[in-house]
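Novice: Got a structure for you, written out below as C-alpha coordinates; questions coming shortly.
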Amino acid sequence: MKKNVFVFNPLKTFFTFIVVVVIFSFINIGLYFLSQTNSFLSPIVAGFPFLKIKGPQKIIGFLPYWSVNEKLSLNYDVLDQLIYFSLTVLEDGYLLKEEYGETEPGWHHLNRPETKEIFRKLRQRRIKVFLSFSSFEASIMAEVVANESKRALLISEIKKIYELYDLDGVDIDFEYFPLYSDDQFGYNFNLFLKELKSALKEVDSQAMISVDIYPKAMIDGQPYNLEEMVKIVDQIILMAYDFTQSRTRYTGPVAPLNKSSLDDYSISMAVNSFKLRIKDKSNQKKLILGIPLYGYKWRTIDDSYRAKSYSYLGEMISYKRAQEMIKEMNLQINWDATASSPWISYNQNGAWWQTYFENYDSLVTKFKLAKQNSLGGIAFWALGYEEDEIDFWNYLKKNF
(Lines give C-alpha, C1' and ligand atoms only; values in the text may rest on other atoms or scores of the structure.)
Protein backbone atom coordinates (compact mmCIF):
# COMPACT_ATOMS: atom_id res chain seq x y z
CA MET A 1 0.00 0.00 0.00
CA LYS A 2 1.37 3.38 -1.08
CA LYS A 3 1.68 5.93 1.73
CA ASN A 4 0.72 9.63 1.32
CA VAL A 5 3.83 11.61 2.04
CA PHE A 6 3.67 15.39 2.60
CA VAL A 7 6.42 17.19 0.73
CA PHE A 8 7.03 20.81 1.71
CA ASN A 9 7.25 23.08 -1.34
CA PRO A 10 8.44 26.60 -0.37
CA LEU A 11 7.56 28.21 -3.72
CA LYS A 12 4.04 26.75 -3.77
CA THR A 13 3.46 27.80 -0.17
CA PHE A 14 4.60 31.35 -0.91
CA PHE A 15 2.22 31.73 -3.87
CA THR A 16 -0.64 30.28 -1.83
CA PHE A 17 0.02 32.84 0.89
CA ILE A 18 0.00 35.69 -1.64
CA VAL A 19 -3.32 34.52 -3.12
CA VAL A 20 -4.91 34.34 0.35
CA VAL A 21 -3.69 37.86 1.22
CA VAL A 22 -5.02 39.31 -2.05
CA ILE A 23 -8.43 37.64 -1.62
CA PHE A 24 -8.66 38.80 1.99
CA SER A 25 -7.78 42.38 0.96
CA PHE A 26 -10.46 42.50 -1.73
CA ILE A 27 -13.05 41.15 0.71
CA ASN A 28 -12.21 43.89 3.22
CA ILE A 29 -12.29 46.62 0.58
CA GLY A 30 -15.67 45.36 -0.59
CA LEU A 31 -17.04 45.29 2.94
CA TYR A 32 -15.79 48.84 3.49
CA PHE A 33 -17.60 50.22 0.45
CA LEU A 34 -20.77 48.35 1.33
CA SER A 35 -20.67 49.87 4.79
CA GLN A 36 -20.56 53.41 3.37
CA THR A 37 -24.30 53.72 2.94
CA ASN A 38 -24.12 57.47 2.63
CA SER A 39 -21.21 57.44 0.23
CA PHE A 40 -21.67 54.61 -2.24
CA LEU A 41 -24.04 55.02 -5.13
CA SER A 42 -25.14 51.97 -7.06
CA PRO A 43 -24.63 52.37 -10.81
CA ILE A 44 -28.17 51.08 -11.25
CA VAL A 45 -29.49 53.95 -9.15
CA ALA A 46 -27.17 56.75 -10.14
CA GLY A 47 -26.26 55.86 -13.68
CA PHE A 48 -22.99 57.80 -13.66
CA PRO A 49 -20.42 57.73 -12.27
CA PHE A 50 -19.88 54.15 -11.11
CA LEU A 51 -18.55 55.20 -7.73
CA LYS A 52 -19.22 58.43 -5.92
CA ILE A 53 -17.29 58.46 -2.67
CA LYS A 54 -18.09 61.47 -0.52
CA GLY A 55 -15.38 63.13 1.52
CA PRO A 56 -15.78 64.01 5.20
CA GLN A 57 -16.76 67.61 4.37
CA LYS A 58 -20.17 68.44 2.93
CA ILE A 59 -20.85 70.65 -0.06
CA ILE A 60 -24.23 72.30 0.40
CA GLY A 61 -26.19 74.65 -1.81
CA PHE A 62 -29.09 76.92 -0.96
CA LEU A 63 -31.62 77.04 -3.77
CA PRO A 64 -33.84 80.14 -3.37
CA TYR A 65 -37.25 79.88 -4.98
CA TRP A 66 -36.48 82.77 -7.34
CA SER A 67 -33.62 80.78 -8.90
CA VAL A 68 -35.91 77.92 -9.95
CA ASN A 69 -36.46 78.04 -13.71
CA GLU A 70 -36.15 75.89 -16.81
CA LYS A 71 -32.59 77.07 -17.50
CA LEU A 72 -31.22 76.29 -14.03
CA SER A 73 -28.29 73.86 -14.16
CA LEU A 74 -27.06 72.25 -10.94
CA ASN A 75 -23.77 70.45 -10.28
CA TYR A 76 -25.31 67.25 -8.96
CA ASP A 77 -21.99 65.41 -9.02
CA VAL A 78 -20.55 67.78 -6.39
CA LEU A 79 -23.45 68.47 -4.01
CA ASP A 80 -24.12 66.56 -0.81
CA GLN A 81 -27.15 68.60 0.24
CA LEU A 82 -29.58 71.02 -1.33
CA ILE A 83 -31.60 73.39 0.86
CA TYR A 84 -34.70 74.82 -0.81
CA PHE A 85 -35.33 78.37 0.41
CA SER A 86 -37.89 78.92 1.84
CA LEU A 87 -41.28 78.80 3.57
CA THR A 88 -42.16 81.73 5.83
CA VAL A 89 -43.10 81.40 9.51
CA LEU A 90 -45.91 83.61 10.84
CA GLU A 91 -46.33 85.01 14.35
CA ASP A 92 -49.08 82.52 15.22
CA GLY A 93 -46.90 79.52 14.34
CA TYR A 94 -48.55 78.84 10.99
CA LEU A 95 -46.74 78.98 7.66
CA LEU A 96 -47.52 81.74 5.17
CA LYS A 97 -49.30 80.14 2.21
CA GLU A 98 -51.13 83.04 0.60
CA GLU A 99 -50.19 86.68 0.19
CA TYR A 100 -52.27 89.41 -1.44
CA GLY A 101 -54.69 86.84 -2.78
CA GLU A 102 -51.97 84.77 -4.46
CA THR A 103 -49.96 81.71 -3.45
CA GLU A 104 -46.90 82.77 -1.47
CA PRO A 105 -43.82 82.56 -3.80
CA GLY A 106 -41.95 79.98 -1.71
CA TRP A 107 -44.96 77.65 -1.80
CA HIS A 108 -45.66 78.34 -5.46
CA HIS A 109 -42.15 77.51 -6.64
CA LEU A 110 -41.87 74.52 -4.31
CA ASN A 111 -44.70 72.88 -6.23
CA ARG A 112 -43.54 73.80 -9.73
CA PRO A 113 -42.70 70.91 -12.09
CA GLU A 114 -39.12 72.21 -12.32
CA THR A 115 -38.65 71.91 -8.54
CA LYS A 116 -40.17 68.45 -8.45
CA GLU A 117 -37.78 67.37 -11.21
CA ILE A 118 -34.82 68.80 -9.27
CA PHE A 119 -35.88 66.86 -6.18
CA ARG A 120 -36.23 63.69 -8.26
CA LYS A 121 -32.69 64.04 -9.60
CA LEU A 122 -31.35 64.75 -6.11
CA ARG A 123 -32.95 61.62 -4.68
CA GLN A 124 -31.77 59.55 -7.63
CA ARG A 125 -28.22 60.55 -6.72
CA ARG A 126 -28.85 60.23 -2.97
CA ILE A 127 -28.22 63.92 -2.40
CA LYS A 128 -30.02 65.03 0.75
CA VAL A 129 -33.00 67.35 0.32
CA PHE A 130 -33.67 70.00 2.98
CA LEU A 131 -36.34 72.66 3.18
CA SER A 132 -35.70 75.98 4.91
CA PHE A 133 -38.21 77.64 7.24
CA SER A 134 -37.50 81.33 7.65
CA SER A 135 -38.45 84.43 9.60
CA PHE A 136 -37.00 87.90 9.20
CA GLU A 137 -38.72 89.59 12.14
CA ALA A 138 -37.26 89.46 15.64
CA SER A 139 -40.68 89.74 17.27
CA ILE A 140 -41.92 86.64 15.45
CA MET A 141 -38.88 84.65 16.48
CA ALA A 142 -39.17 85.61 20.12
CA GLU A 143 -42.95 85.10 20.28
CA VAL A 144 -43.13 81.72 18.56
CA VAL A 145 -40.27 80.03 20.40
CA ALA A 146 -41.40 81.38 23.78
CA ASN A 147 -45.04 80.32 23.46
CA GLU A 148 -45.62 76.61 24.04
CA SER A 149 -48.77 76.33 21.92
CA LYS A 150 -47.34 78.36 19.01
CA ARG A 151 -44.12 76.37 19.18
CA ALA A 152 -46.09 73.12 19.03
CA LEU A 153 -48.15 74.41 16.10
CA LEU A 154 -45.07 75.36 14.09
CA ILE A 155 -43.45 72.00 14.80
CA SER A 156 -46.63 70.26 13.64
CA GLU A 157 -46.60 72.31 10.42
CA ILE A 158 -42.94 71.47 9.75
CA LYS A 159 -43.52 67.79 10.49
CA LYS A 160 -46.36 67.63 7.93
CA ILE A 161 -44.17 69.27 5.28
CA TYR A 162 -41.31 66.92 6.11
CA GLU A 163 -43.47 63.86 5.46
CA LEU A 164 -45.31 65.31 2.46
CA TYR A 165 -42.13 66.17 0.55
CA ASP A 166 -40.10 63.17 1.75
CA LEU A 167 -37.33 65.37 3.11
CA ASP A 168 -34.01 64.40 4.66
CA GLY A 169 -33.79 67.45 6.88
CA VAL A 170 -35.06 70.92 7.73
CA ASP A 171 -33.18 74.21 7.91
CA ILE A 172 -34.15 76.86 10.47
CA ASP A 173 -33.33 80.36 9.24
CA PHE A 174 -34.53 82.83 11.89
CA GLU A 175 -32.28 85.74 10.98
CA TYR A 176 -33.22 88.76 13.05
CA PHE A 177 -32.93 87.95 16.71
CA PRO A 178 -34.20 89.83 19.78
CA LEU A 179 -32.11 92.28 21.77
CA TYR A 180 -29.23 90.76 23.69
CA SER A 181 -30.95 91.65 26.96
CA ASP A 182 -33.41 88.82 26.32
CA ASP A 183 -31.41 86.05 28.01
CA GLN A 184 -34.38 83.70 27.85
CA PHE A 185 -34.35 83.59 24.06
CA GLY A 186 -31.37 81.22 23.83
CA TYR A 187 -33.08 78.74 26.14
CA ASN A 188 -36.42 79.00 24.30
CA PHE A 189 -34.80 78.59 20.89
CA ASN A 190 -32.93 75.47 21.97
CA LEU A 191 -36.12 74.09 23.50
CA PHE A 192 -37.83 74.60 20.13
CA LEU A 193 -34.99 72.75 18.38
CA LYS A 194 -35.18 69.86 20.87
CA GLU A 195 -38.93 69.50 20.43
CA LEU A 196 -38.61 69.75 16.64
CA LYS A 197 -35.92 67.07 16.59
CA SER A 198 -38.04 64.75 18.73
CA ALA A 199 -41.07 65.24 16.46
CA LEU A 200 -39.14 64.58 13.25
CA LYS A 201 -37.46 61.49 14.70
CA GLU A 202 -40.95 60.01 15.16
CA VAL A 203 -41.33 59.83 11.37
CA ASP A 204 -37.68 59.45 10.35
CA SER A 205 -34.92 58.26 12.66
CA GLN A 206 -32.35 59.83 10.30
CA ALA A 207 -34.01 63.28 10.17
CA MET A 208 -31.51 66.15 10.29
CA ILE A 209 -31.77 69.70 11.61
CA SER A 210 -29.73 72.61 10.28
CA VAL A 211 -29.59 76.13 11.77
CA ASP A 212 -28.33 79.31 10.09
CA ILE A 213 -26.51 81.88 12.23
CA TYR A 214 -25.04 85.32 11.55
CA PRO A 215 -21.31 85.86 12.29
CA LYS A 216 -21.96 88.60 14.86
CA ALA A 217 -24.07 86.25 16.98
CA MET A 218 -21.36 83.61 16.79
CA ILE A 219 -18.62 86.06 17.76
CA ASP A 220 -20.57 87.69 20.59
CA GLY A 221 -22.11 84.43 21.76
CA GLN A 222 -25.54 86.03 22.06
CA PRO A 223 -28.49 85.65 22.02
CA TYR A 224 -28.02 81.95 21.23
CA ASN A 225 -26.68 79.35 23.61
CA LEU A 226 -24.29 77.76 21.13
CA GLU A 227 -22.81 75.33 23.62
CA GLU A 228 -26.20 73.65 24.03
CA MET A 229 -27.42 74.18 20.48
CA VAL A 230 -24.52 72.26 18.95
CA LYS A 231 -25.52 69.20 20.99
CA ILE A 232 -29.02 69.25 19.48
CA VAL A 233 -28.60 70.03 15.79
CA ASP A 234 -26.73 68.22 13.02
CA GLN A 235 -25.16 71.29 11.48
CA ILE A 236 -24.82 75.03 12.06
CA ILE A 237 -24.35 77.12 8.94
CA LEU A 238 -22.31 80.26 9.53
CA MET A 239 -23.75 82.84 7.13
CA ALA A 240 -20.30 84.26 6.44
CA TYR A 241 -21.43 87.06 4.17
CA ASP A 242 -23.00 90.52 4.27
CA PHE A 243 -20.22 91.78 6.53
CA THR A 244 -20.54 94.87 4.33
CA GLN A 245 -24.14 95.35 3.28
CA SER A 246 -25.74 97.26 0.44
CA ARG A 247 -26.91 100.12 2.67
CA THR A 248 -23.54 101.30 3.89
CA ARG A 249 -21.52 104.48 4.06
CA TYR A 250 -18.39 102.96 2.55
CA THR A 251 -17.77 100.14 0.13
CA GLY A 252 -16.22 96.94 1.41
CA PRO A 253 -15.90 93.16 1.10
CA VAL A 254 -19.02 91.06 1.50
CA ALA A 255 -17.08 88.19 3.06
CA PRO A 256 -13.67 89.32 4.40
CA LEU A 257 -11.39 86.49 5.40
CA ASN A 258 -9.56 88.70 7.89
CA LYS A 259 -10.42 91.95 9.64
CA SER A 260 -8.93 95.31 8.68
CA SER A 261 -9.11 98.53 10.71
CA LEU A 262 -12.22 99.42 8.69
CA ASP A 263 -14.10 96.26 9.66
CA ASP A 264 -15.83 95.14 12.83
CA TYR A 265 -15.74 91.40 12.12
CA SER A 266 -14.36 88.79 9.74
CA ILE A 267 -14.87 85.16 8.77
CA SER A 268 -11.75 84.08 10.66
CA MET A 269 -13.00 85.79 13.82
CA ALA A 270 -16.32 83.97 13.62
CA VAL A 271 -14.73 80.56 13.02
CA ASN A 272 -12.20 81.06 15.82
CA SER A 273 -14.93 82.21 18.21
CA PHE A 274 -16.95 79.08 17.50
CA LYS A 275 -13.96 76.81 18.10
CA LEU A 276 -13.14 78.58 21.36
CA ARG A 277 -16.69 78.10 22.62
CA ILE A 278 -17.11 74.56 21.33
CA LYS A 279 -14.21 72.46 22.60
CA ASP A 280 -15.44 69.04 21.47
CA LYS A 281 -13.87 68.21 18.09
CA SER A 282 -16.85 66.20 16.87
CA ASN A 283 -19.16 69.14 17.55
CA GLN A 284 -16.73 71.57 15.90
CA LYS A 285 -17.27 69.58 12.71
CA LYS A 286 -20.93 70.59 12.78
CA LEU A 287 -19.94 74.09 11.70
CA ILE A 288 -20.55 74.72 7.99
CA LEU A 289 -18.97 77.76 6.32
CA GLY A 290 -21.53 79.73 4.32
CA ILE A 291 -19.99 81.25 1.19
CA PRO A 292 -21.49 83.99 -1.02
CA LEU A 293 -21.85 83.79 -4.78
CA TYR A 294 -22.60 87.49 -4.99
CA GLY A 295 -21.25 90.92 -4.17
CA TYR A 296 -22.41 94.54 -4.09
CA LYS A 297 -21.80 97.52 -6.30
CA TRP A 298 -22.11 101.12 -5.16
CA ARG A 299 -21.98 104.51 -6.82
CA THR A 300 -19.05 106.27 -5.12
CA ILE A 301 -17.62 109.77 -4.84
CA ASP A 302 -14.29 108.67 -6.35
CA ASP A 303 -12.19 105.60 -7.24
CA SER A 304 -10.25 105.33 -3.95
CA TYR A 305 -9.91 102.13 -1.95
CA ARG A 306 -13.14 101.51 -0.01
CA ALA A 307 -14.56 104.79 -1.23
CA LYS A 308 -17.51 106.59 0.30
CA SER A 309 -20.77 105.56 -1.32
CA TYR A 310 -22.67 108.27 -3.10
CA SER A 311 -26.19 107.40 -2.02
CA TYR A 312 -25.62 104.90 0.84
CA LEU A 313 -27.44 102.42 -1.34
CA GLY A 314 -25.75 99.58 -3.22
CA GLU A 315 -27.18 96.79 -5.30
CA MET A 316 -26.52 93.07 -5.38
CA ILE A 317 -24.44 91.69 -8.23
CA SER A 318 -24.27 87.96 -8.89
CA TYR A 319 -21.10 85.91 -9.37
CA LYS A 320 -21.94 85.52 -13.06
CA ARG A 321 -22.74 89.20 -13.66
CA ALA A 322 -19.48 90.33 -12.03
CA GLN A 323 -17.44 88.12 -14.38
CA GLU A 324 -19.44 89.38 -17.38
CA MET A 325 -18.96 93.03 -16.44
CA ILE A 326 -15.20 92.63 -16.09
CA LYS A 327 -14.96 91.09 -19.57
CA GLU A 328 -17.37 93.53 -21.22
CA MET A 329 -15.63 96.63 -19.84
CA ASN A 330 -12.10 95.17 -19.81
CA LEU A 331 -11.71 96.14 -16.15
CA GLN A 332 -8.63 95.70 -13.99
CA ILE A 333 -9.23 93.56 -10.89
CA ASN A 334 -7.80 94.88 -7.62
CA TRP A 335 -7.10 92.55 -4.70
CA ASP A 336 -7.81 93.37 -1.07
CA ALA A 337 -5.07 91.29 0.57
CA THR A 338 -6.46 91.48 4.11
CA ALA A 339 -9.98 90.50 3.13
CA SER A 340 -8.83 88.13 0.35
CA SER A 341 -11.43 89.78 -1.84
CA PRO A 342 -11.37 91.21 -5.37
CA TRP A 343 -12.80 94.65 -6.18
CA ILE A 344 -13.12 96.90 -9.18
CA SER A 345 -13.59 100.63 -9.65
CA TYR A 346 -14.71 102.24 -12.90
CA ASN A 347 -16.21 105.39 -14.36
CA GLN A 348 -19.41 105.05 -16.33
CA ASN A 349 -21.05 108.08 -17.95
CA GLY A 350 -19.21 110.42 -15.61
CA ALA A 351 -20.10 108.54 -12.41
CA TRP A 352 -17.75 106.43 -10.30
CA TRP A 353 -18.77 102.92 -9.33
CA GLN A 354 -17.09 100.38 -7.07
CA THR A 355 -17.85 96.68 -6.75
CA TYR A 356 -16.75 94.09 -4.23
CA PHE A 357 -17.47 90.58 -5.45
CA GLU A 358 -16.32 86.96 -5.35
CA ASN A 359 -14.18 85.17 -7.92
CA TYR A 360 -12.29 81.90 -8.21
CA ASP A 361 -9.36 83.09 -6.09
CA SER A 362 -11.47 84.47 -3.25
CA LEU A 363 -13.64 81.35 -3.13
CA VAL A 364 -10.61 79.05 -2.99
CA THR A 365 -9.26 80.94 0.04
CA LYS A 366 -12.55 80.20 1.80
CA PHE A 367 -12.52 76.53 0.75
CA LYS A 368 -9.02 76.23 2.20
CA LEU A 369 -10.08 77.93 5.44
CA ALA A 370 -12.84 75.35 5.87
CA LYS A 371 -10.42 72.47 5.29
CA GLN A 372 -7.64 73.87 7.47
CA ASN A 373 -10.07 74.28 10.37
CA SER A 374 -11.61 70.81 9.84
CA LEU A 375 -15.09 72.30 9.48
CA GLY A 376 -18.03 70.16 8.46
CA GLY A 377 -18.15 71.66 4.99
CA ILE A 378 -19.29 74.67 2.97
CA ALA A 379 -22.67 76.05 1.92
CA PHE A 380 -23.23 78.33 -1.07
CA TRP A 381 -25.63 81.23 -1.08
CA ALA A 382 -26.98 80.82 -3.59
CA LEU A 383 -27.24 78.25 -6.36
CA GLY A 384 -28.05 79.86 -9.70
CA TYR A 385 -26.01 83.00 -9.05
CA GLU A 386 -23.02 81.43 -10.79
CA GLU A 387 -24.95 80.23 -13.88
CA ASP A 388 -22.38 78.67 -16.25
CA GLU A 389 -19.28 79.86 -14.36
CA ILE A 390 -18.05 76.45 -13.21
CA ASP A 391 -14.39 77.12 -12.43
CA PHE A 392 -14.82 76.77 -8.67
CA TRP A 393 -17.02 73.68 -9.05
CA ASN A 394 -14.17 72.03 -10.96
CA TYR A 395 -11.81 72.94 -8.11
CA LEU A 396 -14.14 71.29 -5.59
CA LYS A 397 -14.34 68.12 -7.69
CA LYS A 398 -10.57 67.74 -7.55
CA ASN A 399 -9.67 69.08 -4.13
CA PHE A 400 -12.54 69.04 -1.65
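Residues in the C-alpha coordinates are numbered from 1 in each chain, the chains being A, B, ... in the order shown, and ligands are numbered from 1 in the order shown.
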Give me the region 259-340 of chain A side of the contact with region 345-357 of chain A, cut-off 7 Å, one line per residue showing its nearest atom pair and distance in Å at one decimal, counting only C-alpha atoms, sorted by chain and residue number, as a tab-separated table.

Specialist:
residue	atom	partner	partner_atom	distance
A:Tyr294	CA	A:Phe357	CA	6.0
A:Gly295	CA	A:Phe357	CA	4.0
A:Tyr296	CA	A:Tyr356	CA	5.7
A:Lys297	CA	A:Thr355	CA	4.1
A:Trp298	CA	A:Gln354	CA	5.4
A:Arg299	CA	A:Trp353	CA	4.4
A:Thr300	CA	A:Trp352	CA	5.3
A:Ile301	CA	A:Trp352	CA	6.4
A:Asp302	CA	A:Trp352	CA	5.7
A:Asp303	CA	A:Ser345	CA	5.7
A:Ala322	CA	A:Phe357	CA	6.9

Novice: Neighbours of region 385-396 of chain A within 9 Å (only C-alpha atoms; same-chain residues fewer than 2 positions away dropped), as a list of chain:residue names?

Specialist: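 After dropping sequence-adjacent residues, the list is A:Ile59, A:Ser67, A:Leu72, A:Ser73, A:Leu74, A:Asn75, A:Val78, A:Leu293, A:Tyr294, A:Ile317, A:Ser318, A:Tyr319, A:Lys320, A:Arg321, A:Gln323, A:Asn359, A:Tyr360, A:Asp361, A:Leu363, A:Val364, A:Phe367, A:Trp381, A:Ala382, A:Leu383, A:Lys398, A:Asn399, A:Phe400.
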
Novice: Please provide as an MDAnalysis selection string all residues within 6 Å of region 250-264 of chain A, with the sequence filter that same-chain residues fewer than 6 positions apart are discarded (counting only C-alpha atoms).

Specialist: chainID A and resid 241:244 306:309 338:340 356

Novice: I need the residues in region 52-290 of chain A that are strand (DSSP E or B) according to DSSP; give them as a PyMOL selection string.

Specialist: chain A and resi 58-64+81-89+95+98-99+102-103+128-135+169-174+208-213+235-238+250+287-290

Novice: Quick one: everything within 7 Å of region 129-132 of chain A, counting only C-alpha atoms, minus sequence neighbours fewer than 4 positions away in the same chain. Send it as a PyMOL selection string.

Specialist: chain A and resi 81-87+167-173

Novice: Grab the residues selected above and save them as a PDB file, in the first residue's frame with N, CA and C atoms.

Specialist:
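The resulting file, out-v9.pdb, is shown below:
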ATOM      1  N   GLN A  81     -25.841  68.149  -0.246  1.00  0.00           N
ATOM      2  CA  GLN A  81     -27.149  68.596   0.239  1.00  0.00           C
ATOM      3  C   GLN A  81     -27.637  69.758  -0.608  1.00  0.00           C
ATOM      4  N   LEU A  82     -28.956  69.836  -0.758  1.00  0.00           N
ATOM      5  CA  LEU A  82     -29.582  71.020  -1.330  1.00  0.00           C
ATOM      6  C   LEU A  82     -30.642  71.495  -0.353  1.00  0.00           C
ATOM      7  N   ILE A  83     -30.623  72.803  -0.049  1.00  0.00           N
ATOM      8  CA  ILE A  83     -31.603  73.390   0.859  1.00  0.00           C
ATOM      9  C   ILE A  83     -32.494  74.333   0.061  1.00  0.00           C
ATOM     10  N   TYR A  84     -33.758  73.945  -0.105  1.00  0.00           N
ATOM     11  CA  TYR A  84     -34.704  74.817  -0.809  1.00  0.00           C
ATOM     12  C   TYR A  84     -35.098  75.956   0.125  1.00  0.00           C
ATOM     13  N   PHE A  85     -35.044  77.177  -0.391  1.00  0.00           N
ATOM     14  CA  PHE A  85     -35.325  78.370   0.410  1.00  0.00           C
ATOM     15  C   PHE A  85     -36.495  79.125  -0.211  1.00  0.00           C
ATOM     16  N   SER A  86     -37.564  79.389   0.519  1.00  0.00           N
ATOM     17  CA  SER A  86     -37.894  78.917   1.844  1.00  0.00           C
ATOM     18  C   SER A  86     -39.396  79.072   2.018  1.00  0.00           C
ATOM     19  N   LEU A  87     -39.910  78.570   3.150  1.00  0.00           N
ATOM     20  CA  LEU A  87     -41.282  78.804   3.572  1.00  0.00           C
ATOM     21  C   LEU A  87     -41.240  79.735   4.778  1.00  0.00           C
ATOM     22  N   LEU A 167     -38.587  64.657   2.893  1.00  0.00           N
ATOM     23  CA  LEU A 167     -37.334  65.375   3.112  1.00  0.00           C
ATOM     24  C   LEU A 167     -36.324  64.546   3.896  1.00  0.00           C
ATOM     25  N   ASP A 168     -35.079  64.995   3.843  1.00  0.00           N
ATOM     26  CA  ASP A 168     -34.012  64.404   4.658  1.00  0.00           C
ATOM     27  C   ASP A 168     -33.692  65.278   5.863  1.00  0.00           C
ATOM     28  N   GLY A 169     -34.079  66.546   5.782  1.00  0.00           N
ATOM     29  CA  GLY A 169     -33.790  67.449   6.880  1.00  0.00           C
ATOM     30  C   GLY A 169     -34.512  68.766   6.719  1.00  0.00           C
ATOM     31  N   VAL A 170     -34.482  69.576   7.773  1.00  0.00           N
ATOM     32  CA  VAL A 170     -35.060  70.919   7.733  1.00  0.00           C
ATOM     33  C   VAL A 170     -33.998  71.919   8.160  1.00  0.00           C
ATOM     34  N   ASP A 171     -34.109  73.120   7.610  1.00  0.00           N
ATOM     35  CA  ASP A 171     -33.182  74.206   7.914  1.00  0.00           C
ATOM     36  C   ASP A 171     -33.969  75.329   8.579  1.00  0.00           C
ATOM     37  N   ILE A 172     -33.498  75.785   9.732  1.00  0.00           N
ATOM     38  CA  ILE A 172     -34.153  76.859  10.466  1.00  0.00           C
ATOM     39  C   ILE A 172     -33.363  78.147  10.261  1.00  0.00           C
ATOM     40  N   ASP A 173     -33.996  79.110   9.590  1.00  0.00           N
ATOM     41  CA  ASP A 173     -33.327  80.363   9.245  1.00  0.00           C
ATOM     42  C   ASP A 173     -34.092  81.532   9.859  1.00  0.00           C
TER      43      ASP A 173
END

Novice: Fewer than 2 positions away in the same chain doesn't count, so skip those; otherwise give me all residues within 10 Å of Ile155 (chain A), counting only C-alpha atoms, as a PyMOL selection string.

Specialist: chain A and resi 93-94+149-153+157-161+192-193+195-200

Novice: So the first atom is CA of Ala142 (chain A) and the second is CA of Met239 (chain A); what is the distance between them in Å, to one decimal place?

Specialist: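 Value for the CA of Ala142 (chain A)-CA of Met239 (chain A) distance: 20.4 Å.
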
Novice: Write out as a list of chain:residue names which residues come within 8 Å of Tyr214 (chain A) when counting only C-alpha atoms, dropping same-chain ones fewer than 4 positions away.

Specialist: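 Here the answer would be A:Glu175, A:Met218, A:Leu238, A:Met239, A:Ala240.
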
Novice: Could you save the residues just selected, with N, CA and C atoms, as a PDB file, in the first residue's frame?

Specialist:
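To be explicit, this is the file written out as result_4.pdb:
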ATOM      1  N   GLU A 175     -33.460  84.896  11.152  1.00  0.00           N
ATOM      2  CA  GLU A 175     -32.278  85.742  10.983  1.00  0.00           C
ATOM      3  C   GLU A 175     -32.191  86.948  11.901  1.00  0.00           C
ATOM      4  N   MET A 218     -22.330  84.648  16.459  1.00  0.00           N
ATOM      5  CA  MET A 218     -21.355  83.611  16.794  1.00  0.00           C
ATOM      6  C   MET A 218     -20.160  84.208  17.534  1.00  0.00           C
ATOM      7  N   LEU A 238     -22.759  78.895   9.288  1.00  0.00           N
ATOM      8  CA  LEU A 238     -22.315  80.261   9.533  1.00  0.00           C
ATOM      9  C   LEU A 238     -22.545  81.066   8.257  1.00  0.00           C
ATOM     10  N   MET A 239     -23.468  82.009   8.305  1.00  0.00           N
ATOM     11  CA  MET A 239     -23.750  82.838   7.130  1.00  0.00           C
ATOM     12  C   MET A 239     -22.635  83.880   7.004  1.00  0.00           C
ATOM     13  N   ALA A 240     -21.519  83.445   6.471  1.00  0.00           N
ATOM     14  CA  ALA A 240     -20.298  84.255   6.444  1.00  0.00           C
ATOM     15  C   ALA A 240     -20.298  85.218   5.258  1.00  0.00           C
TER      16      ALA A 240
END
